[in-house]
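Engineer: Can you read through this structure? Questions will come right after.
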Amino acid sequence: MIKIIIERRIMPGLEEEYEEAAREAMRQVLSAPGFGGGETLVEKGHRDRRLMITKWRDLRAWKEWRDSEQRSRVMQRMLPLLTEDEHVRIYEPSY
């Protein structure tokens, strides 16, 4: 199991529109093979900052979702709402 951490910064005033796009993204990812769940956090005192923590069976499953047409469509709606590109980090268990 790996975890993908995604940080996003939303343009001021577009938080509600972002939330709608994020809900649609969550509906889409639920059917992705290898997706194991996740959560979204809002940084305290900064409504424009989001942190998504998702679990994936393995790196291949994440990459298949990341490169999918499904995610591309979701991101086309979301990217114009962001002030910068999202930051993605990949974590694996420490043994």
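Chains: A, B, ... in order of the structure tokens. Residues: from 1 per chain. Ligands: from 1, in order shown.
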What's the 7 Å shell around stretch 3-19 of chain A, counting only C-alpha atoms, without same-chain residues fewer than 4 positions away, as a list in words?
Structural biologist: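 The contact residues come out as Arg23, Asp48, Arg49, Arg50, Leu51, Met52, Ile53, Thr54, Lys55, Trp56, Met78, Leu81, Leu82, Thr83, Glu84, Glu86, His87, Val88, Arg89, Ile90, Tyr91 and Glu92 of chain A.
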Engineer: Keeping only C-alpha atoms, write those residues as a PDB file, in the first residue's frame.
Structural biologist:
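What ended up in again-v4.pdb:
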ATOM      1  CA  ARG A  23     -16.643  15.974  -5.048  1.00  0.00           C
ATOM      2  CA  ASP A  48      -7.545  28.179  -0.020  1.00  0.00           C
ATOM      3  CA  ARG A  49      -5.229  25.272   0.893  1.00  0.00           C
ATOM      4  CA  ARG A  50      -6.155  21.614   0.539  1.00  0.00           C
ATOM      5  CA  LEU A  51      -4.273  18.437   1.325  1.00  0.00           C
ATOM      6  CA  MET A  52      -5.485  15.138  -0.124  1.00  0.00           C
ATOM      7  CA  ILE A  53      -4.201  11.893   1.309  1.00  0.00           C
ATOM      8  CA  THR A  54      -5.103   8.843  -0.760  1.00  0.00           C
ATOM      9  CA  LYS A  55      -4.211   5.179  -0.398  1.00  0.00           C
ATOM     10  CA  TRP A  56      -3.414   2.966  -3.371  1.00  0.00           C
ATOM     11  CA  MET A  78     -10.216  21.746 -11.418  1.00  0.00           C
ATOM     12  CA  LEU A  81      -9.445  27.008 -10.037  1.00  0.00           C
ATOM     13  CA  LEU A  82      -5.903  26.622  -8.689  1.00  0.00           C
ATOM     14  CA  THR A  83      -3.277  29.318  -8.215  1.00  0.00           C
ATOM     15  CA  GLU A  84      -0.447  26.910  -9.091  1.00  0.00           C
ATOM     16  CA  GLU A  86      -0.731  20.722  -7.617  1.00  0.00           C
ATOM     17  CA  HIS A  87       2.156  19.199  -5.685  1.00  0.00           C
ATOM     18  CA  VAL A  88       2.168  15.395  -5.570  1.00  0.00           C
ATOM     19  CA  ARG A  89       4.306  13.283  -3.265  1.00  0.00           C
ATOM     20  CA  ILE A  90       4.400   9.507  -3.034  1.00  0.00           C
ATOM     21  CA  TYR A  91       4.990   7.696   0.257  1.00  0.00           C
ATOM     22  CA  GLU A  92       5.545   4.032   0.930  1.00  0.00           C
TER      23      GLU A  92
END
Engineer: Would you list, as a PDB file with N, CA and C atoms, in the first residue's frame, the residues of stretch 7-77 of chain A that end up in strand (DSSP E or B) under DSSP run on this structure's backbone?
Structural biologist:
ATOM      1  N   GLU A   7      -1.098  18.409  -2.633  1.00  0.00           N
ATOM      2  CA  GLU A   7      -1.375  19.740  -2.084  1.00  0.00           C
ATOM      3  C   GLU A   7      -1.892  20.628  -3.205  1.00  0.00           C
ATOM      4  N   ARG A   8      -2.957  21.380  -2.899  1.00  0.00           N
ATOM      5  CA  ARG A   8      -3.516  22.316  -3.867  1.00  0.00           C
ATOM      6  C   ARG A   8      -3.798  23.650  -3.191  1.00  0.00           C
ATOM      7  N   ARG A   9      -3.628  24.726  -3.964  1.00  0.00           N
ATOM      8  CA  ARG A   9      -3.977  26.076  -3.510  1.00  0.00           C
ATOM      9  C   ARG A   9      -5.035  26.609  -4.459  1.00  0.00           C
ATOM     10  N   ILE A  10      -6.132  27.045  -3.892  1.00  0.00           N
ATOM     11  CA  ILE A  10      -7.292  27.474  -4.658  1.00  0.00           C
ATOM     12  C   ILE A  10      -7.317  28.993  -4.767  1.00  0.00           C
ATOM     13  N   PHE A  35      -7.651   1.777  -5.805  1.00  0.00           N
ATOM     14  CA  PHE A  35      -7.886   2.892  -4.884  1.00  0.00           C
ATOM     15  C   PHE A  35      -8.357   2.335  -3.555  1.00  0.00           C
ATOM     16  N   GLY A  36      -7.727   2.770  -2.465  1.00  0.00           N
ATOM     17  CA  GLY A  36      -8.047   2.229  -1.149  1.00  0.00           C
ATOM     18  C   GLY A  36      -8.655   3.223  -0.180  1.00  0.00           C
ATOM     19  N   GLY A  37      -9.030   4.407  -0.662  1.00  0.00           N
ATOM     20  CA  GLY A  37      -9.643   5.398   0.206  1.00  0.00           C
ATOM     21  C   GLY A  37      -8.788   6.636   0.343  1.00  0.00           C
ATOM     22  N   GLY A  38      -9.354   7.614   1.017  1.00  0.00           N
ATOM     23  CA  GLY A  38      -8.606   8.847   1.202  1.00  0.00           C
ATOM     24  C   GLY A  38      -9.395   9.871   1.988  1.00  0.00           C
ATOM     25  N   GLU A  39      -8.747  10.986   2.204  1.00  0.00           N
ATOM     26  CA  GLU A  39      -9.390  12.091   2.906  1.00  0.00           C
ATOM     27  C   GLU A  39      -8.829  13.404   2.385  1.00  0.00           C
ATOM     28  N   THR A  40      -9.630  14.457   2.552  1.00  0.00           N
ATOM     29  CA  THR A  40      -9.208  15.798   2.160  1.00  0.00           C
ATOM     30  C   THR A  40      -9.230  16.668   3.403  1.00  0.00           C
ATOM     31  N   LEU A  41      -8.179  17.451   3.573  1.00  0.00           N
ATOM     32  CA  LEU A  41      -8.068  18.341   4.720  1.00  0.00           C
ATOM     33  C   LEU A  41      -7.946  19.781   4.245  1.00  0.00           C
ATOM     34  N   VAL A  42      -8.514  20.697   5.034  1.00  0.00           N
ATOM     35  CA  VAL A  42      -8.385  22.133   4.789  1.00  0.00           C
ATOM     36  C   VAL A  42      -7.438  22.671   5.849  1.00  0.00           C
ATOM     37  N   ARG A  49      -6.230  26.346   0.937  1.00  0.00           N
ATOM     38  CA  ARG A  49      -5.229  25.272   0.893  1.00  0.00           C
ATOM     39  C   ARG A  49      -5.874  23.929   1.225  1.00  0.00           C
ATOM     40  N   ARG A  50      -5.616  22.962   0.346  1.00  0.00           N
ATOM     41  CA  ARG A  50      -6.155  21.614   0.539  1.00  0.00           C
ATOM     42  C   ARG A  50      -5.025  20.597   0.504  1.00  0.00           C
ATOM     43  N   LEU A  51      -5.206  19.555   1.296  1.00  0.00           N
ATOM     44  CA  LEU A  51      -4.273  18.437   1.325  1.00  0.00           C
ATOM     45  C   LEU A  51      -5.100  17.169   1.154  1.00  0.00           C
ATOM     46  N   MET A  52      -4.814  16.411   0.099  1.00  0.00           N
ATOM     47  CA  MET A  52      -5.485  15.138  -0.124  1.00  0.00           C
ATOM     48  C   MET A  52      -4.505  14.014   0.202  1.00  0.00           C
ATOM     49  N   ILE A  53      -4.992  13.072   0.972  1.00  0.00           N
ATOM     50  CA  ILE A  53      -4.201  11.893   1.309  1.00  0.00           C
ATOM     51  C   ILE A  53      -4.983  10.691   0.799  1.00  0.00           C
ATOM     52  N   THR A  54      -4.418  10.005  -0.193  1.00  0.00           N
ATOM     53  CA  THR A  54      -5.103   8.843  -0.760  1.00  0.00           C
ATOM     54  C   THR A  54      -4.239   7.605  -0.614  1.00  0.00           C
ATOM     55  N   LYS A  55      -4.910   6.460  -0.508  1.00  0.00           N
ATOM     56  CA  LYS A  55      -4.211   5.179  -0.398  1.00  0.00           C
ATOM     57  C   LYS A  55      -4.443   4.399  -1.691  1.00  0.00           C
ATOM     58  N   TRP A  56      -3.374   3.766  -2.141  1.00  0.00           N
ATOM     59  CA  TRP A  56      -3.414   2.966  -3.371  1.00  0.00           C
ATOM     60  C   TRP A  56      -2.748   1.629  -3.128  1.00  0.00           C
TER      61      TRP A  56
END
Engineer: Enter the distance from atom CA of A:Leu30 to atom CA of A:Ser72, in Å, rounded to one decimal.
Structural biologist: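 Between atom CA of A:Leu30 and atom CA of A:Ser72 the gap works out to 15.2 Å.
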Engineer: Would you return as JSON, numbers by chain the members of chain A that DSSP assigns to alpha helix (DSSP H) on this structure's backbone?
Structural biologist: {"A": [15, 16, 17, 18, 19, 20, 21, 22, 23, 24, 25, 26, 27, 28, 29, 59, 60, 61, 62, 63, 64, 65, 66, 69, 70, 71, 72, 73, 74, 75, 76, 77, 78]}
Engineer: Restrict the selected residues to C-alpha atoms and save them as a short mmCIF file (atom, residue, chain, number, x, y, z; two decimals), in the first residue's frame.
Structural biologist:
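Dumped to selection02.cif:
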data_model
loop_
_atom_site.label_atom_id
_atom_site.label_comp_id
_atom_site.auth_asym_id
_atom_site.auth_seq_id
_atom_site.Cartn_x
_atom_site.Cartn_y
_atom_site.Cartn_z
CA GLU A 15 -13.47 27.58 -2.89
CA GLU A 16 -17.10 26.51 -3.39
CA GLU A 17 -16.58 25.83 -7.09
CA TYR A 18 -13.47 23.86 -6.20
CA GLU A 19 -15.42 21.79 -3.66
CA GLU A 20 -17.95 20.84 -6.35
CA ALA A 21 -15.14 19.77 -8.69
CA ALA A 22 -13.43 17.87 -5.86
CA ARG A 23 -16.64 15.97 -5.05
CA GLU A 24 -16.90 14.93 -8.69
CA ALA A 25 -13.26 13.82 -8.63
CA MET A 26 -13.99 11.69 -5.57
CA ARG A 27 -16.98 10.07 -7.28
CA GLN A 28 -14.74 9.18 -10.22
CA VAL A 29 -11.78 7.84 -8.24
CA LEU A 59 2.42 2.64 -7.57
CA ARG A 60 1.10 1.10 -10.78
CA ALA A 61 -2.52 1.59 -9.67
CA TRP A 62 -1.83 5.25 -8.86
CA LYS A 63 -0.09 5.86 -12.17
CA GLU A 64 -2.95 4.25 -14.08
CA TRP A 65 -5.39 6.63 -12.38
CA ARG A 66 -3.07 9.63 -12.74
CA GLU A 69 -8.78 9.92 -19.35
CA GLN A 70 -11.19 9.95 -16.39
CA ARG A 71 -8.77 11.92 -14.20
CA SER A 72 -7.83 14.16 -17.10
CA ARG A 73 -11.48 15.23 -17.48
CA VAL A 74 -11.80 15.91 -13.76
CA MET A 75 -8.58 17.93 -13.72
CA GLN A 76 -9.67 20.04 -16.71
CA ARG A 77 -12.42 21.39 -14.49
CA MET A 78 -10.22 21.75 -11.42
#
Engineer: Which value, in Å to one decimal, gives the distance between atom CA of A:Pro93 and atom CA of A:Glu43?
Structural biologist: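 Atom CA of A:Pro93 sits 24.6 Å away from atom CA of A:Glu43.
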